[in-house]
Amino acid sequence: MTQPVLRIAINIGSGLLPGLDLVVAGAALAADRLDLELVGIRDGYDGLLYPDRYPDGGLVPLRPAMVDNVGHGGSLIGTAARTDPFRVRVSTADHEVEEVDRSDDILAGLRAAGIGAVISIVGGSAVTGLHALSVAFKLNRKGVRTACIPKSIENEIAGVPQAFGYNSVLSHTAETLERIRIGARDVGRLAVVEVPGQHAGWLALQSGIAAMADAILLPEIPHDLAAVAGALALRERAGHRCALVVVAEGARSAVGAAPSPPAPPGGLRASLTPNADPDFGEGAHVMDRTGGLAETVATALQRLTDREVLPFSLGHLVRGGPPSVLDRQLGLSYGAAAVRALHAGEDGIMVSYRPPDLGSVPLRETLGRIRTVPADGALIQTARALGIALGDEGGAQP
Amino acid sequence: MSATAAGAAGVTGRVLNIQHFCTNDGPGIRTTVFLKGCTLRCAWCCNPESIRPKPELAFDVRKCIGEKECGLCLKECPEDALYVVEADGKVRVNWDLCTDCGKCVPACPTEALFQFGREMTVEEVLAEVEQDAAFYQESGGGLTLSGGECTLQPEFSAALLAEARRRGINTAIETAGNVPWDYFQQVLQHVDIVMHDHKLTDPGRHKRWAGVSNARILENFRRAYTTFPQTRFVARTPVIPGVNDDEEHIRSVLAFIRPYPNVVDYQLLPYHRYGEGKYGFLGRVYALKDFPSVPAETLRRLQGIIDEAFGRTKP
């Protein structure tokens, strides 16, 4: 029989989103109602790994009085920078750097603090992606009772239709896009705006629709910029003044799809050491610098449309600001749901809001999959019905 | 072959790559052998695949032909670390779950999944190095050991360099010098040219950008200059914008090396981003993403200071 949990810890993986403190507050209030103690682990797992760094201790007791004044941004307990307990960088006494597995120290630290279960708020880092989710999964496999709360800027977490934070980011993005569109239209320019979305185009699609974009390019639909230019020309002819093209970071060209770069002499491996091929690191699918795609698409569209084009990249700009109303209630709900799930004996799960139910999915099902925009879904149909070009329109001529 | 040489020929090391016809790793045309493992973590590292000592998995998504066409790797992974992205139907690696076991590598028909690093004997490496022996003689080139940190495998490096020398091949190494002195001197006694990095002079800033203080490195260099007076040393600085692209650093390196006549040159290596793509292959984060390159004018100015110190000022 599962041991009753009396003390629960909560921590946050990397990637700040508006209103994370509300999630923590939701958990604190629910824990209090169930006579459970809730403590926050500072900065991911740093509070347990490096308690000496925190004069007031690496663990913070979270009582209802502490969480009265939340919802103004911030995270209350800090987020993990890049610490991975399975690969912690250390400097030895010999001045050498190496990475060591300190996951057992986490287990020992939790035991010593009398913590029976952990709530991890994970996902949605521009830098490390779903790394924190994998860490939570691995710790769960090692025996840490775990409930995860999904947070994401891309809303790509499998099994979770609505990750915390996505709605706020969507609102900020749509507002910004609308400002850019109005500004660009006024000066007769075409704005090409890159928005977050490496694997999933939810943010580009939903914000693009909301801001009445003229074209939206998604990772899910390979695009042909000639087709985009053709569709824009048709819209112009119909009396629209085109001003906004939204591009998800991970949007892909269908033309010459997957262009294998010419094999460098000696094959791929030979190219993987320095100075072998100066062009190699700038190749087609390396880690594109933020804004790189906006520049590429803007330049190509300028050539195809002979219009002056303005590239923008929103990137981190849309992570700030206050949480939306939906995220305020979702954050509090998720915090409370995770506590209730652990109290009810659940383990190895992620809470998930599937209207009208607030339930959970096994962690295993959230890994190894990405929730992408269905090609024939309602949002795509909506975009097409509004005449928004998606870059796969055949037959359109500029 | 002598008994000693025969014994040394069987010593094995972890080799990352052997690259032919290199012109930037010492005089003439050279073959550069990259070894795995490094004790520093420089933020600008252009060989991230060389850092970890053990063989590790890498993935080039461009070469993946997708789950529908293939999907063979998905059946091999014991850690469930491989998954498919619906948008393009191609496989991705969950680097947090991957244990570098390498079981997926032979299953991949297109070499999208491959492994960095393999065990090789001294003889195996030399057989490849000797293929270009004619070029070494023509150009004054030879063998260069690089990394990673080649002095981190002292038995292998020493055996390889000693045997190369015995066969008349000029030997050079590229080193950051952050190893125990015993390792360092064991390797250095078989080297003709030592290209060594002075990344940062301030110990605190060295720790910030390379992971550890440079105390042991500088001590090793000092001892090396005097212990091996016949060996030619070439000091080098990878010039990183906003990190060490200042006159103060260049002048302090010059002050450090100029008292030793066997430090024959000081070279600047302008920062480049050629390594950036490899971080993607390894699922790691490139810390200097978005860093600009060093302006040519800065390099000219810094080079002028070096030329002056070495008495090479143009009229």
# chains A, B, ... in the order shown; residues from 1 in each chain; ligands from 1
$ select_by_dssp --residues "region 87-152 of chain B" --states "alpha helix (DSSP H)" --output "short mmCIF file (atom, residue, chain, number, x, y, z; two decimals) with N, CA and C atoms, in the first residue's frame"
data_model
loop_
_atom_site.label_atom_id
_atom_site.label_comp_id
_atom_site.auth_asym_id
_atom_site.auth_seq_id
_atom_site.Cartn_x
_atom_site.Cartn_y
_atom_site.Cartn_z
N VAL B 122 47.90 2.56 -31.41
CA VAL B 122 48.92 3.45 -31.97
C VAL B 122 49.20 3.05 -33.41
N GLU B 123 49.30 1.74 -33.64
CA GLU B 123 49.63 1.26 -34.98
C GLU B 123 48.51 1.62 -35.98
N GLU B 124 47.29 1.48 -35.57
CA GLU B 124 46.16 1.83 -36.46
C GLU B 124 46.21 3.31 -36.84
N VAL B 125 46.48 4.15 -35.84
CA VAL B 125 46.53 5.59 -36.11
C VAL B 125 47.70 5.89 -37.05
N LEU B 126 48.86 5.30 -36.75
CA LEU B 126 50.04 5.60 -37.56
C LEU B 126 49.88 5.12 -38.99
N ALA B 127 49.19 3.99 -39.17
CA ALA B 127 48.98 3.48 -40.53
C ALA B 127 48.26 4.55 -41.35
N GLU B 128 47.31 5.23 -40.71
CA GLU B 128 46.58 6.28 -41.43
C GLU B 128 47.43 7.53 -41.61
N VAL B 129 48.20 7.85 -40.57
CA VAL B 129 49.04 9.05 -40.63
C VAL B 129 50.11 8.90 -41.72
N ALA B 133 52.81 10.54 -45.85
CA ALA B 133 54.21 10.81 -45.49
C ALA B 133 54.91 11.67 -46.55
N ALA B 134 54.60 11.42 -47.81
CA ALA B 134 55.25 12.18 -48.88
C ALA B 134 54.97 13.67 -48.75
N PHE B 135 53.75 14.00 -48.37
CA PHE B 135 53.38 15.42 -48.23
C PHE B 135 54.13 16.07 -47.07
N TYR B 136 54.36 15.30 -45.99
CA TYR B 136 55.05 15.89 -44.84
C TYR B 136 56.46 16.32 -45.26
N GLN B 137 57.12 15.45 -46.01
CA GLN B 137 58.50 15.75 -46.41
C GLN B 137 58.54 16.97 -47.34
N GLU B 138 57.61 17.01 -48.28
CA GLU B 138 57.56 18.12 -49.23
C GLU B 138 57.32 19.45 -48.53
N SER B 139 56.40 19.43 -47.55
CA SER B 139 55.90 20.69 -46.99
C SER B 139 56.48 21.04 -45.63
#
$ closest_atom_pairs --of "region 87-126 of chain A" --to "region 19-42 of chain B" --cutoff "10 Å" --atoms "only C-alpha atoms" --output "tab-separated table"
residue	atom	partner	partner_atom	distance
A:Arg89	CA	B:Arg41	CA	9.4
A:Ser91	CA	B:Thr39	CA	9.1
A:Thr92	CA	B:Thr39	CA	9.7
A:Asp94	CA	B:Thr39	CA	9.7
A:His95	CA	B:Thr39	CA	8.0
A:Glu96	CA	B:Thr39	CA	4.8
A:Val97	CA	B:Thr39	CA	5.0
A:Glu98	CA	B:Thr39	CA	6.8
$ write_last_selection --atoms "all heavy atoms" --output "short mmCIF file (atom, residue, chain, number, x, y, z; two decimals), in the first residue's frame"
data_model
loop_
_atom_site.label_atom_id
_atom_site.label_comp_id
_atom_site.auth_asym_id
_atom_site.auth_seq_id
_atom_site.Cartn_x
_atom_site.Cartn_y
_atom_site.Cartn_z
N ARG A 89 27.82 19.78 -13.36
CA ARG A 89 29.19 20.18 -13.66
C ARG A 89 29.92 20.52 -12.37
O ARG A 89 29.44 21.33 -11.58
CB ARG A 89 29.19 21.38 -14.61
CG ARG A 89 30.57 21.78 -15.05
CD ARG A 89 30.53 22.79 -16.14
NE ARG A 89 30.03 22.20 -17.38
CZ ARG A 89 29.95 22.86 -18.53
NH1 ARG A 89 30.32 24.11 -18.58
NH2 ARG A 89 29.49 22.27 -19.60
N SER A 91 33.93 21.28 -10.49
CA SER A 91 35.37 21.51 -10.63
C SER A 91 36.06 20.71 -9.55
O SER A 91 35.75 20.87 -8.37
CB SER A 91 35.71 22.99 -10.45
OG SER A 91 34.94 23.77 -11.33
N THR A 92 36.99 19.86 -9.94
CA THR A 92 37.67 19.03 -8.95
C THR A 92 38.78 19.83 -8.29
O THR A 92 39.13 20.92 -8.72
CB THR A 92 38.29 17.78 -9.62
OG1 THR A 92 39.34 18.23 -10.49
CG2 THR A 92 37.26 17.02 -10.43
N ASP A 94 41.71 19.24 -8.51
CA ASP A 94 42.82 19.33 -9.48
C ASP A 94 42.55 20.35 -10.58
O ASP A 94 43.20 20.32 -11.62
CB ASP A 94 43.05 17.96 -10.15
CG ASP A 94 43.64 16.97 -9.18
OD1 ASP A 94 44.28 17.42 -8.22
OD2 ASP A 94 43.43 15.76 -9.38
N HIS A 95 41.57 21.20 -10.39
CA HIS A 95 41.23 22.19 -11.41
C HIS A 95 40.77 21.54 -12.70
O HIS A 95 41.13 21.96 -13.79
CB HIS A 95 42.41 23.13 -11.71
CG HIS A 95 42.87 23.90 -10.52
ND1 HIS A 95 42.09 24.87 -9.93
CD2 HIS A 95 44.00 23.84 -9.81
CE1 HIS A 95 42.75 25.37 -8.91
NE2 HIS A 95 43.90 24.75 -8.81
N GLU A 96 40.03 20.47 -12.58
CA GLU A 96 39.48 19.87 -13.79
C GLU A 96 37.96 19.92 -13.72
O GLU A 96 37.39 19.87 -12.64
CB GLU A 96 39.96 18.42 -13.93
CG GLU A 96 41.46 18.36 -14.18
CD GLU A 96 42.00 16.95 -14.35
OE1 GLU A 96 41.20 16.00 -14.38
OE2 GLU A 96 43.23 16.82 -14.44
N VAL A 97 37.35 20.02 -14.89
CA VAL A 97 35.89 20.09 -14.92
C VAL A 97 35.35 18.75 -15.40
O VAL A 97 35.88 18.15 -16.32
CB VAL A 97 35.40 21.18 -15.90
CG1 VAL A 97 33.93 21.46 -15.68
CG2 VAL A 97 36.20 22.45 -15.73
N GLU A 98 34.32 18.28 -14.75
CA GLU A 98 33.65 17.07 -15.23
C GLU A 98 32.18 17.12 -14.83
O GLU A 98 31.78 17.95 -14.02
CB GLU A 98 34.33 15.82 -14.67
CG GLU A 98 34.35 15.76 -13.16
CD GLU A 98 35.14 14.57 -12.63
OE1 GLU A 98 35.98 14.05 -13.37
OE2 GLU A 98 34.89 14.17 -11.49
#
$ closest_residue --among "A:Ala93, A:Leu20, A:Gly188, A:Arg328" --to "Arg216 (chain B)" --atoms "only C-alpha atoms"
A:Ala93
$ residues_around --residues "Asp182 (chain B)" --least-positions-apart "4" --cutoff "12 Å" --atoms "only C-alpha atoms" --output "ChimeraX atom specification"
/B:151-155,158,177-178,186-189,220,223-224
$ write_last_selection --atoms "all heavy atoms" --output "mmCIF file, in the first residue's frame"
data_model
loop_
_atom_site.group_PDB
_atom_site.id
_atom_site.type_symbol
_atom_site.label_atom_id
_atom_site.label_comp_id
_atom_site.auth_asym_id
_atom_site.auth_seq_id
_atom_site.Cartn_x
_atom_site.Cartn_y
_atom_site.Cartn_z
ATOM 1 N N THR B 151 46.856 15.574 -23.974
ATOM 2 C CA THR B 151 47.735 15.125 -22.894
ATOM 3 C C THR B 151 46.954 14.441 -21.760
ATOM 4 O O THR B 151 47.539 13.994 -20.788
ATOM 5 C CB THR B 151 48.537 16.312 -22.304
ATOM 6 O OG1 THR B 151 47.619 17.286 -21.813
ATOM 7 C CG2 THR B 151 49.418 16.943 -23.354
ATOM 8 N N LEU B 152 45.642 14.358 -21.948
ATOM 9 C CA LEU B 152 44.814 13.667 -20.955
ATOM 10 C C LEU B 152 44.899 12.142 -21.138
ATOM 11 O O LEU B 152 44.442 11.384 -20.287
ATOM 12 C CB LEU B 152 43.366 14.151 -21.103
ATOM 13 C CG LEU B 152 42.414 14.007 -19.933
ATOM 14 C CD1 LEU B 152 42.986 14.635 -18.677
ATOM 15 C CD2 LEU B 152 41.084 14.658 -20.273
ATOM 16 N N GLN B 153 45.453 11.700 -22.262
ATOM 17 C CA GLN B 153 45.709 10.269 -22.483
ATOM 18 C C GLN B 153 47.222 10.112 -22.663
ATOM 19 O O GLN B 153 47.698 9.858 -23.766
ATOM 20 C CB GLN B 153 44.966 9.766 -23.715
ATOM 21 C CG GLN B 153 43.448 9.913 -23.628
ATOM 22 C CD GLN B 153 42.735 9.331 -24.852
ATOM 23 O OE1 GLN B 153 42.973 8.199 -25.255
ATOM 24 N NE2 GLN B 153 41.858 10.125 -25.439
ATOM 25 N N PRO B 154 47.997 10.282 -21.560
ATOM 26 C CA PRO B 154 49.453 10.423 -21.719
ATOM 27 C C PRO B 154 50.136 9.179 -22.288
ATOM 28 O O PRO B 154 51.028 9.310 -23.112
ATOM 29 C CB PRO B 154 49.939 10.737 -20.298
ATOM 30 C CG PRO B 154 48.857 10.297 -19.388
ATOM 31 C CD PRO B 154 47.583 10.417 -20.150
ATOM 32 N N GLU B 155 49.714 7.983 -21.868
ATOM 33 C CA GLU B 155 50.406 6.780 -22.365
ATOM 34 C C GLU B 155 50.233 6.670 -23.872
ATOM 35 O O GLU B 155 51.179 6.439 -24.613
ATOM 36 C CB GLU B 155 49.854 5.501 -21.699
ATOM 37 C CG GLU B 155 50.271 5.317 -20.250
ATOM 38 C CD GLU B 155 49.333 6.031 -19.302
ATOM 39 O OE1 GLU B 155 48.265 6.480 -19.755
ATOM 40 O OE2 GLU B 155 49.680 6.170 -18.108
ATOM 41 N N ALA B 158 51.969 9.678 -25.742
ATOM 42 C CA ALA B 158 53.430 9.548 -25.719
ATOM 43 C C ALA B 158 53.872 8.432 -26.655
ATOM 44 O O ALA B 158 54.824 8.593 -27.427
ATOM 45 C CB ALA B 158 53.906 9.277 -24.291
ATOM 46 N N GLY B 177 46.865 22.573 -21.631
ATOM 47 C CA GLY B 177 47.783 22.438 -20.503
ATOM 48 C C GLY B 177 47.140 22.166 -19.152
ATOM 49 O O GLY B 177 47.830 22.189 -18.134
ATOM 50 N N ASN B 178 45.846 21.862 -19.139
ATOM 51 C CA ASN B 178 45.202 21.679 -17.829
ATOM 52 C C ASN B 178 45.177 20.198 -17.428
ATOM 53 O O ASN B 178 44.128 19.573 -17.352
ATOM 54 C CB ASN B 178 43.784 22.252 -17.855
ATOM 55 C CG ASN B 178 43.177 22.270 -16.462
ATOM 56 O OD1 ASN B 178 43.893 22.446 -15.472
ATOM 57 N ND2 ASN B 178 41.879 22.052 -16.381
ATOM 58 N N GLN B 186 55.279 13.798 -19.699
ATOM 59 C CA GLN B 186 55.357 12.486 -20.350
ATOM 60 C C GLN B 186 55.132 12.617 -21.861
ATOM 61 O O GLN B 186 55.783 11.961 -22.659
ATOM 62 C CB GLN B 186 54.274 11.579 -19.737
ATOM 63 C CG GLN B 186 54.424 10.106 -20.065
ATOM 64 C CD GLN B 186 53.322 9.279 -19.403
ATOM 65 O OE1 GLN B 186 52.715 9.717 -18.416
ATOM 66 N NE2 GLN B 186 53.068 8.100 -19.929
ATOM 67 N N VAL B 187 54.196 13.495 -22.238
ATOM 68 C CA VAL B 187 53.876 13.690 -23.654
ATOM 69 C C VAL B 187 54.895 14.629 -24.306
ATOM 70 O O VAL B 187 55.399 14.368 -25.398
ATOM 71 C CB VAL B 187 52.447 14.260 -23.812
ATOM 72 C CG1 VAL B 187 52.148 14.579 -25.278
ATOM 73 C CG2 VAL B 187 51.418 13.273 -23.267
ATOM 74 N N LEU B 188 55.222 15.713 -23.603
ATOM 75 C CA LEU B 188 56.028 16.778 -24.221
ATOM 76 C C LEU B 188 57.422 16.322 -24.662
ATOM 77 O O LEU B 188 57.993 16.886 -25.595
ATOM 78 C CB LEU B 188 56.160 17.962 -23.254
ATOM 79 C CG LEU B 188 55.298 19.177 -23.619
ATOM 80 C CD1 LEU B 188 53.832 18.801 -23.689
ATOM 81 C CD2 LEU B 188 55.512 20.317 -22.645
ATOM 82 N N GLN B 189 57.939 15.283 -24.000
ATOM 83 C CA GLN B 189 59.296 14.874 -24.382
ATOM 84 C C GLN B 189 59.360 14.292 -25.796
ATOM 85 O O GLN B 189 60.443 14.114 -26.343
ATOM 86 C CB GLN B 189 59.850 13.880 -23.363
ATOM 87 C CG GLN B 189 58.983 12.675 -23.112
ATOM 88 C CD GLN B 189 59.477 11.867 -21.921
ATOM 89 O OE1 GLN B 189 60.598 11.410 -21.910
ATOM 90 N NE2 GLN B 189 58.639 11.716 -20.916
ATOM 91 N N ASN B 220 52.194 24.776 -15.359
ATOM 92 C CA ASN B 220 52.662 23.764 -16.322
ATOM 93 C C ASN B 220 53.444 24.407 -17.466
ATOM 94 O O ASN B 220 54.478 23.891 -17.884
ATOM 95 C CB ASN B 220 51.468 22.996 -16.908
ATOM 96 C CG ASN B 220 50.998 21.876 -15.992
ATOM 97 O OD1 ASN B 220 51.688 21.511 -15.043
ATOM 98 N ND2 ASN B 220 49.825 21.338 -16.271
ATOM 99 N N ARG B 223 56.918 25.529 -16.317
ATOM 100 C CA ARG B 223 57.820 24.375 -16.151
ATOM 101 C C ARG B 223 58.202 23.795 -17.509
ATOM 102 O O ARG B 223 59.335 23.376 -17.723
ATOM 103 C CB ARG B 223 57.147 23.292 -15.311
ATOM 104 C CG ARG B 223 57.161 23.581 -13.833
ATOM 105 C CD ARG B 223 56.470 22.491 -13.052
ATOM 106 N NE ARG B 223 57.351 21.359 -12.770
ATOM 107 C CZ ARG B 223 57.004 20.353 -11.975
ATOM 108 N NH1 ARG B 223 55.814 20.341 -11.410
ATOM 109 N NH2 ARG B 223 57.833 19.356 -11.752
ATOM 110 N N ALA B 224 57.239 23.777 -18.426
ATOM 111 C CA ALA B 224 57.503 23.192 -19.748
ATOM 112 C C ALA B 224 58.544 24.005 -20.506
ATOM 113 O O ALA B 224 59.451 23.444 -21.126
ATOM 114 C CB ALA B 224 56.209 23.110 -20.547
#
$ residues_around --residues "region 110-123 of chain A" --least-positions-apart "6" --cutoff "8 Å" --atoms "only C-alpha atoms" --output "MDAnalysis selection string"
chainID A and resid 5:15 48 129:133 136 144:152 157 338:339 342
